[in-house]
Structure formats: structure tokens, C-alpha cells
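Trainee: So I've got this file, structure-v8.cif, and it contains mmCIF, C-alpha atoms, pLDDT in the B column; chains and numbers go by the auth columns:
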```cif
data_protein
loop_
_atom_site.group_PDB
_atom_site.id
_atom_site.type_symbol
_atom_site.label_atom_id
_atom_site.label_comp_id
_atom_site.label_asym_id
_atom_site.label_seq_id
_atom_site.Cartn_x
_atom_site.Cartn_y
_atom_site.Cartn_z
_atom_site.B_iso_or_equiv
_atom_site.auth_seq_id
_atom_site.auth_asym_id
ATOM 1 C CA MET A 1 -15.164 -10.229 -4.558 40.00 1 A
ATOM 2 C CA ALA A 2 -12.200 -8.693 -2.727 49.00 2 A
ATOM 3 C CA ARG A 3 -9.561 -10.265 -0.508 60.00 3 A
ATOM 4 C CA ILE A 4 -10.421 -7.433 1.914 57.00 4 A
ATOM 5 C CA ASP A 5 -13.839 -6.478 3.252 67.00 5 A
ATOM 6 C CA TYR A 6 -13.706 -2.746 2.568 72.00 6 A
ATOM 7 C CA ASP A 7 -15.822 -1.414 5.422 69.00 7 A
ATOM 8 C CA GLY A 8 -15.747 2.190 6.575 75.00 8 A
ATOM 9 C CA VAL A 9 -12.644 1.806 8.754 78.00 9 A
ATOM 10 C CA THR A 10 -10.699 -0.005 6.046 74.00 10 A
ATOM 11 C CA ALA A 11 -11.741 2.474 3.378 72.00 11 A
ATOM 12 C CA ALA A 12 -10.622 5.402 5.533 75.00 12 A
ATOM 13 C CA SER A 13 -7.299 3.668 6.234 73.00 13 A
ATOM 14 C CA PHE A 14 -6.862 2.992 2.529 80.00 14 A
ATOM 15 C CA LYS A 15 -7.374 6.641 1.680 78.00 15 A
ATOM 16 C CA ALA A 16 -5.013 7.817 4.420 74.00 16 A
ATOM 17 C CA ALA A 17 -2.213 5.302 3.972 69.00 17 A
ATOM 18 C CA ARG A 18 -2.312 4.095 0.380 78.00 18 A
ATOM 19 C CA GLU A 19 -3.396 7.006 -1.790 81.00 19 A
ATOM 20 C CA ILE A 20 -0.274 8.433 -3.410 85.00 20 A
ATOM 21 C CA PRO A 21 0.027 12.232 -3.503 85.00 21 A
ATOM 22 C CA ARG A 22 -0.429 13.581 -6.997 88.00 22 A
ATOM 23 C CA GLU A 23 3.129 14.885 -7.075 90.00 23 A
ATOM 24 C CA GLY A 24 4.357 11.326 -6.578 89.00 24 A
ATOM 25 C CA LEU A 25 2.578 10.032 -9.674 94.00 25 A
ATOM 26 C CA GLY A 26 4.559 11.826 -12.360 95.00 26 A
ATOM 27 C CA ALA A 27 5.987 8.611 -13.788 96.00 27 A
ATOM 28 C CA TRP A 28 2.505 7.113 -13.943 97.00 28 A
ATOM 29 C CA GLU A 29 1.103 10.116 -15.777 98.00 29 A
ATOM 30 C CA GLU A 30 3.838 9.813 -18.376 98.00 30 A
ATOM 31 C CA ALA A 31 3.478 6.039 -18.783 98.00 31 A
ATOM 32 C CA VAL A 32 -0.300 6.121 -19.044 98.00 32 A
ATOM 33 C CA ARG A 33 -0.194 9.003 -21.518 98.00 33 A
ATOM 34 C CA ARG A 34 2.107 7.019 -23.832 97.00 34 A
ATOM 35 C CA HIS A 35 -0.104 3.944 -23.877 97.00 35 A
ATOM 36 C CA LEU A 36 -3.534 5.542 -23.602 97.00 36 A
ATOM 37 C CA GLU A 37 -2.906 8.304 -26.155 95.00 37 A
ATOM 38 C CA PRO A 38 -5.707 10.305 -24.507 97.00 38 A
ATOM 39 C CA VAL A 39 -8.122 12.488 -26.403 96.00 39 A
ATOM 40 C CA ARG A 40 -10.188 15.098 -24.561 95.00 40 A
ATOM 41 C CA GLY A 41 -13.633 13.728 -23.770 94.00 41 A
ATOM 42 C CA MET A 42 -12.832 10.046 -24.303 98.00 42 A
ATOM 43 C CA THR A 43 -14.359 7.625 -21.792 98.00 43 A
ATOM 44 C CA VAL A 44 -12.211 5.535 -19.461 98.00 44 A
ATOM 45 C CA VAL A 45 -13.806 2.876 -17.259 98.00 45 A
ATOM 46 C CA ASP A 46 -11.934 2.665 -13.949 98.00 46 A
ATOM 47 C CA VAL A 47 -12.559 -0.920 -12.832 98.00 47 A
ATOM 48 C CA GLY A 48 -12.286 -1.195 -9.061 96.00 48 A
ATOM 49 C CA ALA A 49 -11.891 2.556 -8.645 96.00 49 A
ATOM 50 C CA GLY A 50 -11.344 2.414 -4.885 94.00 50 A
ATOM 51 C CA THR A 51 -11.440 5.898 -3.380 94.00 51 A
ATOM 52 C CA GLY A 52 -11.068 7.574 -6.761 95.00 52 A
ATOM 53 C CA ALA A 53 -7.440 8.710 -6.691 94.00 53 A
ATOM 54 C CA PHE A 54 -6.767 7.675 -10.280 97.00 54 A
ATOM 55 C CA ALA A 55 -10.231 8.675 -11.494 97.00 55 A
ATOM 56 C CA THR A 56 -9.542 12.248 -10.412 96.00 56 A
ATOM 57 C CA ALA A 57 -5.974 12.116 -11.722 97.00 57 A
ATOM 58 C CA PHE A 58 -7.141 10.976 -15.166 98.00 58 A
ATOM 59 C CA CYS A 59 -9.661 13.804 -15.318 97.00 59 A
ATOM 60 C CA ASP A 60 -7.024 16.370 -14.379 97.00 60 A
ATOM 61 C CA TRP A 61 -4.225 14.940 -16.504 97.00 61 A
ATOM 62 C CA PHE A 62 -6.096 14.080 -19.671 98.00 62 A
ATOM 63 C CA ALA A 63 -9.504 15.835 -19.576 97.00 63 A
ATOM 64 C CA VAL A 64 -11.254 12.479 -20.060 98.00 64 A
ATOM 65 C CA GLN A 65 -14.576 11.220 -18.758 98.00 65 A
ATOM 66 C CA VAL A 66 -14.211 8.479 -16.136 98.00 66 A
ATOM 67 C CA VAL A 67 -16.786 5.863 -15.203 98.00 67 A
ATOM 68 C CA ALA A 68 -15.598 4.861 -11.726 98.00 68 A
ATOM 69 C CA VAL A 69 -16.894 1.347 -11.003 98.00 69 A
ATOM 70 C CA GLU A 70 -16.418 0.123 -7.435 97.00 70 A
ATOM 71 C CA PRO A 71 -18.162 -2.753 -5.587 95.00 71 A
ATOM 72 C CA ALA A 72 -17.563 -1.565 -2.006 93.00 72 A
ATOM 73 C CA ALA A 73 -20.027 1.060 -0.796 94.00 73 A
ATOM 74 C CA ALA A 74 -17.560 2.454 1.753 93.00 74 A
ATOM 75 C CA MET A 75 -14.960 3.001 -0.972 93.00 75 A
ATOM 76 C CA ARG A 76 -17.493 4.499 -3.412 96.00 76 A
ATOM 77 C CA ALA A 77 -18.534 6.988 -0.748 94.00 77 A
ATOM 78 C CA LEU A 78 -15.009 8.470 -0.771 94.00 78 A
ATOM 79 C CA ILE A 79 -14.783 8.976 -4.543 95.00 79 A
ATOM 80 C CA PRO A 80 -14.978 12.719 -5.238 94.00 80 A
ATOM 81 C CA ARG A 81 -18.233 13.800 -6.868 95.00 81 A
ATOM 82 C CA ARG A 82 -17.057 16.177 -9.543 95.00 82 A
ATOM 83 C CA ALA A 83 -17.356 16.937 -13.211 95.00 83 A
ATOM 84 C CA GLY A 84 -15.838 14.224 -15.339 97.00 84 A
ATOM 85 C CA ILE A 85 -16.447 11.343 -12.922 98.00 85 A
ATOM 86 C CA GLU A 86 -19.534 9.141 -12.903 98.00 86 A
ATOM 87 C CA VAL A 87 -19.578 6.780 -9.898 98.00 87 A
ATOM 88 C CA ARG A 88 -21.321 3.434 -10.350 98.00 88 A
ATOM 89 C CA GLU A 89 -21.679 0.230 -8.340 97.00 89 A
ATOM 90 C CA GLY A 90 -20.316 -2.856 -10.061 97.00 90 A
ATOM 91 C CA HIS A 91 -17.345 -5.174 -10.354 96.00 91 A
ATOM 92 C CA ALA A 92 -14.974 -6.491 -12.976 97.00 92 A
ATOM 93 C CA ALA A 93 -17.254 -9.266 -14.216 97.00 93 A
ATOM 94 C CA SER A 94 -20.379 -7.100 -14.215 97.00 94 A
ATOM 95 C CA LEU A 95 -19.729 -3.570 -15.419 98.00 95 A
ATOM 96 C CA PRO A 96 -22.602 -1.046 -15.601 98.00 96 A
ATOM 97 C CA VAL A 97 -21.353 0.196 -18.971 98.00 97 A
ATOM 98 C CA PRO A 98 -23.058 -0.353 -22.356 98.00 98 A
ATOM 99 C CA ASP A 99 -21.539 -2.426 -25.129 98.00 99 A
ATOM 100 C CA ASP A 100 -18.681 -0.551 -26.825 98.00 100 A
ATOM 101 C CA GLY A 101 -19.203 2.227 -24.290 97.00 101 A
ATOM 102 C CA ALA A 102 -15.594 2.988 -23.296 98.00 102 A
ATOM 103 C CA ASP A 103 -12.342 3.943 -24.990 98.00 103 A
ATOM 104 C CA ALA A 104 -10.068 2.321 -22.389 98.00 104 A
ATOM 105 C CA ALA A 105 -10.147 0.285 -19.190 98.00 105 A
ATOM 106 C CA TRP A 106 -7.968 1.029 -16.177 98.00 106 A
ATOM 107 C CA LEU A 107 -7.447 -1.507 -13.375 98.00 107 A
ATOM 108 C CA SER A 108 -5.279 -0.376 -10.462 97.00 108 A
ATOM 109 C CA THR A 109 -4.359 -3.004 -7.832 95.00 109 A
ATOM 110 C CA VAL A 110 -7.469 -4.961 -8.767 96.00 110 A
ATOM 111 C CA THR A 111 -6.636 -8.229 -10.522 97.00 111 A
ATOM 112 C CA HIS A 112 -5.711 -10.105 -7.330 95.00 112 A
ATOM 113 C CA HIS A 113 -9.206 -9.375 -5.987 94.00 113 A
ATOM 114 C CA VAL A 114 -10.965 -10.836 -9.050 96.00 114 A
ATOM 115 C CA PRO A 115 -11.996 -14.492 -8.608 94.00 115 A
ATOM 116 C CA ASP A 116 -12.519 -15.141 -12.336 97.00 116 A
ATOM 117 C CA LEU A 117 -10.171 -13.171 -14.563 97.00 117 A
ATOM 118 C CA VAL A 118 -11.460 -14.866 -17.689 98.00 118 A
ATOM 119 C CA ALA A 119 -14.998 -13.650 -16.963 98.00 119 A
ATOM 120 C CA ALA A 120 -13.672 -10.190 -16.134 98.00 120 A
ATOM 121 C CA ALA A 121 -11.673 -10.018 -19.363 98.00 121 A
ATOM 122 C CA ARG A 122 -14.740 -11.065 -21.339 98.00 122 A
ATOM 123 C CA GLU A 123 -16.800 -8.337 -19.681 98.00 123 A
ATOM 124 C CA ILE A 124 -14.122 -5.725 -20.304 98.00 124 A
ATOM 125 C CA ARG A 125 -14.016 -6.815 -23.939 98.00 125 A
ATOM 126 C CA ARG A 126 -17.779 -6.204 -24.121 98.00 126 A
ATOM 127 C CA VAL A 127 -17.617 -2.621 -22.872 98.00 127 A
ATOM 128 C CA LEU A 128 -14.554 -1.511 -24.863 98.00 128 A
ATOM 129 C CA ARG A 129 -14.658 -0.194 -28.371 98.00 129 A
ATOM 130 C CA PRO A 130 -12.582 -2.188 -30.898 96.00 130 A
ATOM 131 C CA GLY A 131 -8.881 -1.508 -30.496 96.00 131 A
ATOM 132 C CA ALA A 132 -9.228 0.111 -27.068 98.00 132 A
ATOM 133 C CA PRO A 133 -6.487 -0.653 -24.521 98.00 133 A
ATOM 134 C CA VAL A 134 -6.602 -2.265 -21.106 98.00 134 A
ATOM 135 C CA LEU A 135 -4.092 -0.762 -18.664 98.00 135 A
ATOM 136 C CA ILE A 136 -3.392 -2.826 -15.552 98.00 136 A
ATOM 137 C CA ARG A 137 -1.394 -1.368 -12.642 98.00 137 A
ATOM 138 C CA ASN A 138 -0.594 -4.196 -10.265 97.00 138 A
ATOM 139 C CA ALA A 139 1.868 -6.339 -8.411 96.00 139 A
ATOM 140 C CA PHE A 140 2.219 -9.732 -10.062 97.00 140 A
ATOM 141 C CA ALA A 141 3.367 -13.068 -8.677 96.00 141 A
ATOM 142 C CA GLY A 142 7.092 -13.555 -9.063 94.00 142 A
ATOM 143 C CA ARG A 143 7.810 -9.831 -9.532 93.00 143 A
ATOM 144 C CA GLY A 144 7.910 -8.541 -5.970 88.00 144 A
ATOM 145 C CA GLU A 145 11.514 -7.421 -5.865 86.00 145 A
ATOM 146 C CA ARG A 146 10.538 -3.818 -6.627 86.00 146 A
ATOM 147 C CA LEU A 147 7.945 -3.606 -3.845 91.00 147 A
ATOM 148 C CA ARG A 148 9.078 -1.645 -0.810 90.00 148 A
ATOM 149 C CA ILE A 149 6.666 -3.506 1.452 92.00 149 A
ATOM 150 C CA VAL A 150 8.240 -6.850 0.514 93.00 150 A
ATOM 151 C CA ARG A 151 11.708 -5.520 1.335 90.00 151 A
ATOM 152 C CA TRP A 152 10.720 -4.444 4.850 93.00 152 A
ATOM 153 C CA PHE A 153 8.187 -7.230 5.463 96.00 153 A
ATOM 154 C CA PRO A 154 9.573 -10.150 3.433 95.00 154 A
ATOM 155 C CA GLU A 155 6.866 -12.556 4.575 97.00 155 A
ATOM 156 C CA THR A 156 4.370 -10.631 2.420 96.00 156 A
ATOM 157 C CA ALA A 157 5.930 -12.393 -0.580 95.00 157 A
ATOM 158 C CA ARG A 158 4.052 -15.487 0.569 95.00 158 A
ATOM 159 C CA LEU A 159 0.721 -13.939 -0.390 95.00 159 A
ATOM 160 C CA LEU A 160 2.112 -12.075 -3.381 96.00 160 A
ATOM 161 C CA ASP A 161 3.003 -15.419 -4.929 95.00 161 A
ATOM 162 C CA THR A 162 -0.716 -16.289 -4.962 95.00 162 A
ATOM 163 C CA TYR A 163 -1.546 -13.225 -7.086 96.00 163 A
ATOM 164 C CA PRO A 164 -2.121 -13.746 -10.808 97.00 164 A
ATOM 165 C CA SER A 165 1.158 -13.758 -12.684 97.00 165 A
ATOM 166 C CA VAL A 166 1.752 -11.722 -15.822 98.00 166 A
ATOM 167 C CA GLU A 167 1.450 -14.935 -17.824 98.00 167 A
ATOM 168 C CA GLU A 168 -1.827 -15.939 -16.153 98.00 168 A
ATOM 169 C CA THR A 169 -3.262 -12.461 -16.633 98.00 169 A
ATOM 170 C CA CYS A 170 -2.286 -12.385 -20.306 98.00 170 A
ATOM 171 C CA ALA A 171 -3.795 -15.841 -20.841 98.00 171 A
ATOM 172 C CA ALA A 172 -7.092 -14.767 -19.263 98.00 172 A
ATOM 173 C CA PHE A 173 -7.289 -11.695 -21.481 98.00 173 A
ATOM 174 C CA ALA A 174 -6.131 -13.602 -24.551 98.00 174 A
ATOM 175 C CA ALA A 175 -9.252 -15.750 -24.202 97.00 175 A
ATOM 176 C CA ALA A 176 -11.254 -12.535 -24.695 98.00 176 A
ATOM 177 C CA GLY A 177 -9.216 -11.475 -27.717 97.00 177 A
ATOM 178 C CA PHE A 178 -6.604 -9.217 -26.094 98.00 178 A
ATOM 179 C CA ALA A 179 -2.857 -9.422 -26.698 98.00 179 A
ATOM 180 C CA MET A 180 -0.070 -8.036 -24.536 98.00 180 A
ATOM 181 C CA GLU A 181 1.324 -4.789 -25.895 98.00 181 A
ATOM 182 C CA ALA A 182 3.698 -3.699 -23.117 98.00 182 A
ATOM 183 C CA LEU A 183 4.950 -4.499 -19.634 98.00 183 A
ATOM 184 C CA GLU A 184 7.008 -2.017 -17.669 97.00 184 A
ATOM 185 C CA PRO A 185 7.722 -1.218 -14.018 96.00 185 A
ATOM 186 C CA VAL A 186 6.680 2.304 -13.068 96.00 186 A
ATOM 187 C CA PRO A 187 8.059 3.966 -9.908 92.00 187 A
ATOM 188 C CA GLN A 188 5.972 6.030 -7.546 89.00 188 A
ATOM 189 C CA ALA A 189 7.137 8.515 -4.925 83.00 189 A
ATOM 190 C CA ASP A 190 4.867 8.629 -1.918 82.00 190 A
ATOM 191 C CA LEU A 191 7.305 8.942 0.999 84.00 191 A
ATOM 192 C CA ALA A 192 9.918 11.474 2.019 82.00 192 A
ATOM 193 C CA SER A 193 11.526 9.355 4.755 86.00 193 A
ATOM 194 C CA LEU A 194 11.483 6.009 6.513 88.00 194 A
ATOM 195 C CA ALA A 195 9.989 7.793 9.525 91.00 195 A
ATOM 196 C CA GLU A 196 6.946 8.562 7.398 90.00 196 A
ATOM 197 C CA LEU A 197 6.649 4.894 6.464 91.00 197 A
ATOM 198 C CA LEU A 198 6.878 3.947 10.144 93.00 198 A
ATOM 199 C CA ASP A 199 4.094 6.416 10.932 93.00 199 A
ATOM 200 C CA ARG A 200 1.875 4.824 8.290 91.00 200 A
ATOM 201 C CA VAL A 201 2.599 1.194 8.930 93.00 201 A
ATOM 202 C CA ASP A 202 -0.273 0.527 11.347 93.00 202 A
ATOM 203 C CA ALA A 203 -2.787 1.952 8.882 90.00 203 A
ATOM 204 C CA LEU A 204 -1.188 -0.117 6.136 91.00 204 A
ATOM 205 C CA ARG A 205 -1.749 -3.215 8.241 91.00 205 A
ATOM 206 C CA THR A 206 -5.463 -2.465 7.959 87.00 206 A
ATOM 207 C CA ALA A 207 -5.642 -1.302 4.359 86.00 207 A
ATOM 208 C CA ASP A 208 -2.980 -3.235 2.434 89.00 208 A
ATOM 209 C CA THR A 209 -3.798 -6.746 1.226 89.00 209 A
ATOM 210 C CA LEU A 210 -0.231 -7.997 1.592 93.00 210 A
ATOM 211 C CA MET A 211 0.223 -6.479 5.045 94.00 211 A
ATOM 212 C CA ARG A 212 -2.988 -8.058 6.289 92.00 212 A
ATOM 213 C CA SER A 213 -1.517 -11.475 5.519 94.00 213 A
ATOM 214 C CA LEU A 214 1.193 -11.105 8.161 96.00 214 A
ATOM 215 C CA THR A 215 1.026 -12.744 11.553 97.00 215 A
ATOM 216 C CA ASP A 216 1.378 -10.433 14.531 97.00 216 A
ATOM 217 C CA GLU A 217 4.925 -11.678 15.034 98.00 217 A
ATOM 218 C CA GLU A 218 5.881 -11.044 11.383 98.00 218 A
ATOM 219 C CA PHE A 219 4.382 -7.564 11.484 97.00 219 A
ATOM 220 C CA ASP A 220 6.166 -6.732 14.737 97.00 220 A
ATOM 221 C CA ARG A 221 9.529 -7.897 13.344 97.00 221 A
ATOM 222 C CA GLY A 222 9.169 -5.750 10.247 96.00 222 A
ATOM 223 C CA LYS A 223 8.030 -2.751 12.256 96.00 223 A
ATOM 224 C CA GLU A 224 11.036 -3.168 14.553 96.00 224 A
ATOM 225 C CA ARG A 225 13.368 -3.243 11.532 93.00 225 A
ATOM 226 C CA LEU A 226 11.869 0.034 10.412 92.00 226 A
ATOM 227 C CA ARG A 227 12.071 1.552 13.896 93.00 227 A
ATOM 228 C CA GLU A 228 15.734 0.600 14.219 92.00 228 A
ATOM 229 C CA ALA A 229 16.537 2.155 10.843 89.00 229 A
ATOM 230 C CA VAL A 230 14.738 5.361 11.813 90.00 230 A
ATOM 231 C CA LEU A 231 16.422 5.570 15.230 91.00 231 A
ATOM 232 C CA ALA A 232 19.810 4.958 13.637 88.00 232 A
ATOM 233 C CA ASP A 233 19.060 7.869 11.339 75.00 233 A
ATOM 234 C CA GLU A 234 20.181 5.743 8.409 63.00 234 A
ATOM 235 C CA ALA A 235 19.988 7.435 5.054 56.00 235 A
ATOM 236 C CA PRO A 236 17.865 4.990 3.049 57.00 236 A
ATOM 237 C CA VAL A 237 18.996 3.953 -0.383 53.00 237 A
ATOM 238 C CA GLY A 238 16.442 4.579 -3.086 52.00 238 A
ATOM 239 C CA ALA A 239 15.234 0.998 -3.097 53.00 239 A
ATOM 240 C CA ASP A 240 14.386 1.202 0.608 64.00 240 A
ATOM 241 C CA LEU A 241 12.145 4.221 0.140 72.00 241 A
ATOM 242 C CA THR A 242 10.684 3.947 -3.348 76.00 242 A
ATOM 243 C CA SER A 243 8.407 1.321 -4.817 87.00 243 A
ATOM 244 C CA SER A 244 7.331 0.273 -8.281 93.00 244 A
ATOM 245 C CA LEU A 245 4.296 -1.510 -9.640 95.00 245 A
ATOM 246 C CA ASP A 246 4.007 -2.975 -13.102 97.00 246 A
ATOM 247 C CA LEU A 247 1.989 -1.478 -15.908 98.00 247 A
ATOM 248 C CA LEU A 248 0.641 -4.215 -18.166 98.00 248 A
ATOM 249 C CA VAL A 249 -0.988 -3.003 -21.370 98.00 249 A
ATOM 250 C CA LEU A 250 -3.212 -5.218 -23.501 98.00 250 A
ATOM 251 C CA ARG A 251 -5.086 -4.377 -26.658 97.00 251 A
#
```
As C-alpha cells - that is how I would like this structure written.

Mentor:
Amino acid sequence: MARIDYDGVTAASFKAAREIPREGLGAWEEAVRRHLEPVRGMTVVDVGAGTGAFATAFCDWFAVQVVAVEPAAAMRALIPRRAGIEVREGHAASLPVPDDGADAAWLSTVTHHVPDLVAAAREIRRVLRPGAPVLIRNAFAGRGERLRIVRWFPETARLLDTYPSVEETCAAFAAAGFAMEALEPVPQADLASLAELLDRVDALRTADTLMRSLTDEEFDRGKERLREAVLADEAPVGADLTSSLDLLVLR
């Protein structure tokens, strides 16, 4: 299913390099709260839950029940086993959730791994109760200007342009009866300095889909740009340090 084979090494790198500290997700908590309108005890299906960072955040933020569906065994093994989270094997086009069994669907950096978005949208429609929202956190083709990784490693835009666009994603979900309700960029704060990004960049090469697309020469050039900025002790502007993904809401 995925563009990456999430084995044990990749899953560990993902958790170390790509999970955003909870304190860096304040803007996401606020954005999700507005669109989800959470009610204690409601059920959210986390499609492609990865290592469970958002599953645990949703439980803590909103006191909801999360069904964390993840196809990769190595990723599932890292999802915290705790009250409020039920971990299940599955993928976007085959969800182990009964008909009308969820009050919302959450997909975080998932849609570019899904080979058939129309089939996935149809399956999500099956498991959601009428009127329930789909919240998609992703990078979309043609909207990479807010991605920090594209700024430092511009060749990653080559792969990003193969991701589903907002229009393609909306069309796939429209075939299952969903309509776009909102689209907004949401910032996330996961780094305190460029030196921290430089420290993480090798792990990102393993765990990040866009970074894995780089040739060795492209990766080395980007890493050298970072190293030079760190050695020069340049104070990064906000755009150099922060990053935003889009939140697409359908209902």
C-alpha cells in the first residue's frame, strides 16, 4: 500500500524524527477541535495511524475513543496500548470498522500512500455515520511552498507533485458523497533551531517519503546548505524553521 516499506528500522526512524512533540501541535488541536466539534466518548477512526501520535493526542485533547488502523506491523507495534485506543490491522480501502461505526475519520499524511482514493473514500463512507466529517492532514501536489523540507531540499518537490492534489482528493471523495467543507494550512512547531534539523536529517532520509526520493547528490547538497547555515550561526526566519501542512475537511 505505502510508498515506503515500514519495517522496524523505518518505523523507529519515523517515531524519532517525524513525530511532533505535543507542545508543537497547539495549532492542530485548535483546528481539529473547530471542525470535529468533539463530544466525549465519540469514536474517531484514525486511518493509517502510524506510530499513534495523533491517536494519543485525540484521546488526551478530546476524550474520544480512537480506532487506530495501520497496515504496517512495525508501525502498529509502536502505537501506545492505553485506554481510549483500539489498535487494528487494516488499510484505507479495508477498514475493520462496522457500518456507521465511527463519528469521524482522521487521515494524517496518508493519502499519497493510497493507490485507489475512490475505493478508500467509499470505504470511509461506509464506516462513518451520516454527516460525520473526514479530516485529512497532508501535503498536496502544487502546495509545497509551506513545507520546510522543500525549502531546504527543493528536489523533493518532484515527488510532491505526484501526490494527489486537493482537487483530485475532493473528486475521489465526491464520488462517495462527500463535499469539501474547509481547506486551511496549519503550522506545526517541532524544531527549536536549524541545528536540530541538521541532527535529524539522516533519520528523515529513512523515514520521510519526500526525502527518500532524493539522490545521494541531492541529499548531500541540501545537507550542506543546512550545515553552512548552522555554522554561520544564521538566525533563521520563521519560514526556514517552521512548516505547515494542509487540513482538508470533507463532510

Trainee: Which of these residues is nearest to Thr156 (chain A), using all atoms listed in the file: A:Asp199, A:Asp233, A:Asp103, A:Glu218?

Mentor: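 Nearest to Thr156 (chain A): A:Glu218.
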
Trainee: Find the distance between CA of Gly144 (chain A) and CA of Glu181 (chain A) and write it in Å to one decimal.

Mentor: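 Value for the CA of Gly144 (chain A)-CA of Glu181 (chain A) distance: 21.3 Å.
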
Trainee: Report as a PDB file with C-alpha atoms, in the frame of the given file the full result of the PyMOL selection byres ((chain A and resi 70) around 8) when it is applied to this structure.

Mentor:
```pdb
ATOM      1  CA  VAL A  47     -12.559  -0.920 -12.832  1.00 98.00           C
ATOM      2  CA  GLY A  48     -12.286  -1.195  -9.061  1.00 96.00           C
ATOM      3  CA  ALA A  49     -11.891   2.556  -8.645  1.00 96.00           C
ATOM      4  CA  GLY A  50     -11.344   2.414  -4.885  1.00 94.00           C
ATOM      5  CA  ALA A  68     -15.598   4.861 -11.726  1.00 98.00           C
ATOM      6  CA  VAL A  69     -16.894   1.347 -11.003  1.00 98.00           C
ATOM      7  CA  PRO A  71     -18.162  -2.753  -5.587  1.00 95.00           C
ATOM      8  CA  ALA A  72     -17.563  -1.565  -2.006  1.00 93.00           C
ATOM      9  CA  ALA A  73     -20.027   1.060  -0.796  1.00 94.00           C
ATOM     10  CA  MET A  75     -14.960   3.001  -0.972  1.00 93.00           C
ATOM     11  CA  ARG A  76     -17.493   4.499  -3.412  1.00 96.00           C
ATOM     12  CA  VAL A  87     -19.578   6.780  -9.898  1.00 98.00           C
ATOM     13  CA  ARG A  88     -21.321   3.434 -10.350  1.00 98.00           C
ATOM     14  CA  GLU A  89     -21.679   0.230  -8.340  1.00 97.00           C
ATOM     15  CA  GLY A  90     -20.316  -2.856 -10.061  1.00 97.00           C
ATOM     16  CA  HIS A  91     -17.345  -5.174 -10.354  1.00 96.00           C
TER      17      HIS A  91
END
```

Trainee: How far is it from CA of Pro154 (chain A) to CA of Glu196 (chain A), in Å with one decimal?

Mentor: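 Here the two named atoms are 19.3 Å from each other.
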
Trainee: Figure out the distance between CA of Leu147 (chain A) and CA of Pro187 (chain A), please, to one decimal in Å.

Mentor: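 Going from CA of Pro187 (chain A) over to CA of Leu147 (chain A), I get 9.7 Å.
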
Trainee: Since I can't run it myself right now, could you work out what the PyMOL selection byres ((chain A and resi 168) around 12) selects here and report it as a PyMOL selection string?

Mentor: chain A and resi 111-112+116-118+121+140-142+162-167+169-175+180

Trainee: For the point (-4.8, -8.3, 8.0) in the file's frame, write as a PDB file with C-alpha atoms, keeping the file's coordinate frame all residues with an atom no more than 12 Å away, counting all atoms listed in the file.

Mentor:
```pdb
ATOM      1  CA  ARG A   3      -9.561 -10.265  -0.508  1.00 60.00           C
ATOM      2  CA  ILE A   4     -10.421  -7.433   1.914  1.00 57.00           C
ATOM      3  CA  ASP A   5     -13.839  -6.478   3.252  1.00 67.00           C
ATOM      4  CA  TYR A   6     -13.706  -2.746   2.568  1.00 72.00           C
ATOM      5  CA  THR A  10     -10.699  -0.005   6.046  1.00 74.00           C
ATOM      6  CA  THR A 156       4.370 -10.631   2.420  1.00 96.00           C
ATOM      7  CA  LEU A 159       0.721 -13.939  -0.390  1.00 95.00           C
ATOM      8  CA  ASP A 202      -0.273   0.527  11.347  1.00 93.00           C
ATOM      9  CA  ALA A 203      -2.787   1.952   8.882  1.00 90.00           C
ATOM     10  CA  LEU A 204      -1.188  -0.117   6.136  1.00 91.00           C
ATOM     11  CA  ARG A 205      -1.749  -3.215   8.241  1.00 91.00           C
ATOM     12  CA  THR A 206      -5.463  -2.465   7.959  1.00 87.00           C
ATOM     13  CA  ALA A 207      -5.642  -1.302   4.359  1.00 86.00           C
ATOM     14  CA  ASP A 208      -2.980  -3.235   2.434  1.00 89.00           C
ATOM     15  CA  THR A 209      -3.798  -6.746   1.226  1.00 89.00           C
ATOM     16  CA  LEU A 210      -0.231  -7.997   1.592  1.00 93.00           C
ATOM     17  CA  MET A 211       0.223  -6.479   5.045  1.00 94.00           C
ATOM     18  CA  ARG A 212      -2.988  -8.058   6.289  1.00 92.00           C
ATOM     19  CA  SER A 213      -1.517 -11.475   5.519  1.00 94.00           C
ATOM     20  CA  LEU A 214       1.193 -11.105   8.161  1.00 96.00           C
ATOM     21  CA  THR A 215       1.026 -12.744  11.553  1.00 97.00           C
ATOM     22  CA  ASP A 216       1.378 -10.433  14.531  1.00 97.00           C
ATOM     23  CA  GLU A 218       5.881 -11.044  11.383  1.00 98.00           C
ATOM     24  CA  PHE A 219       4.382  -7.564  11.484  1.00 97.00           C
TER      25      PHE A 219
END
```
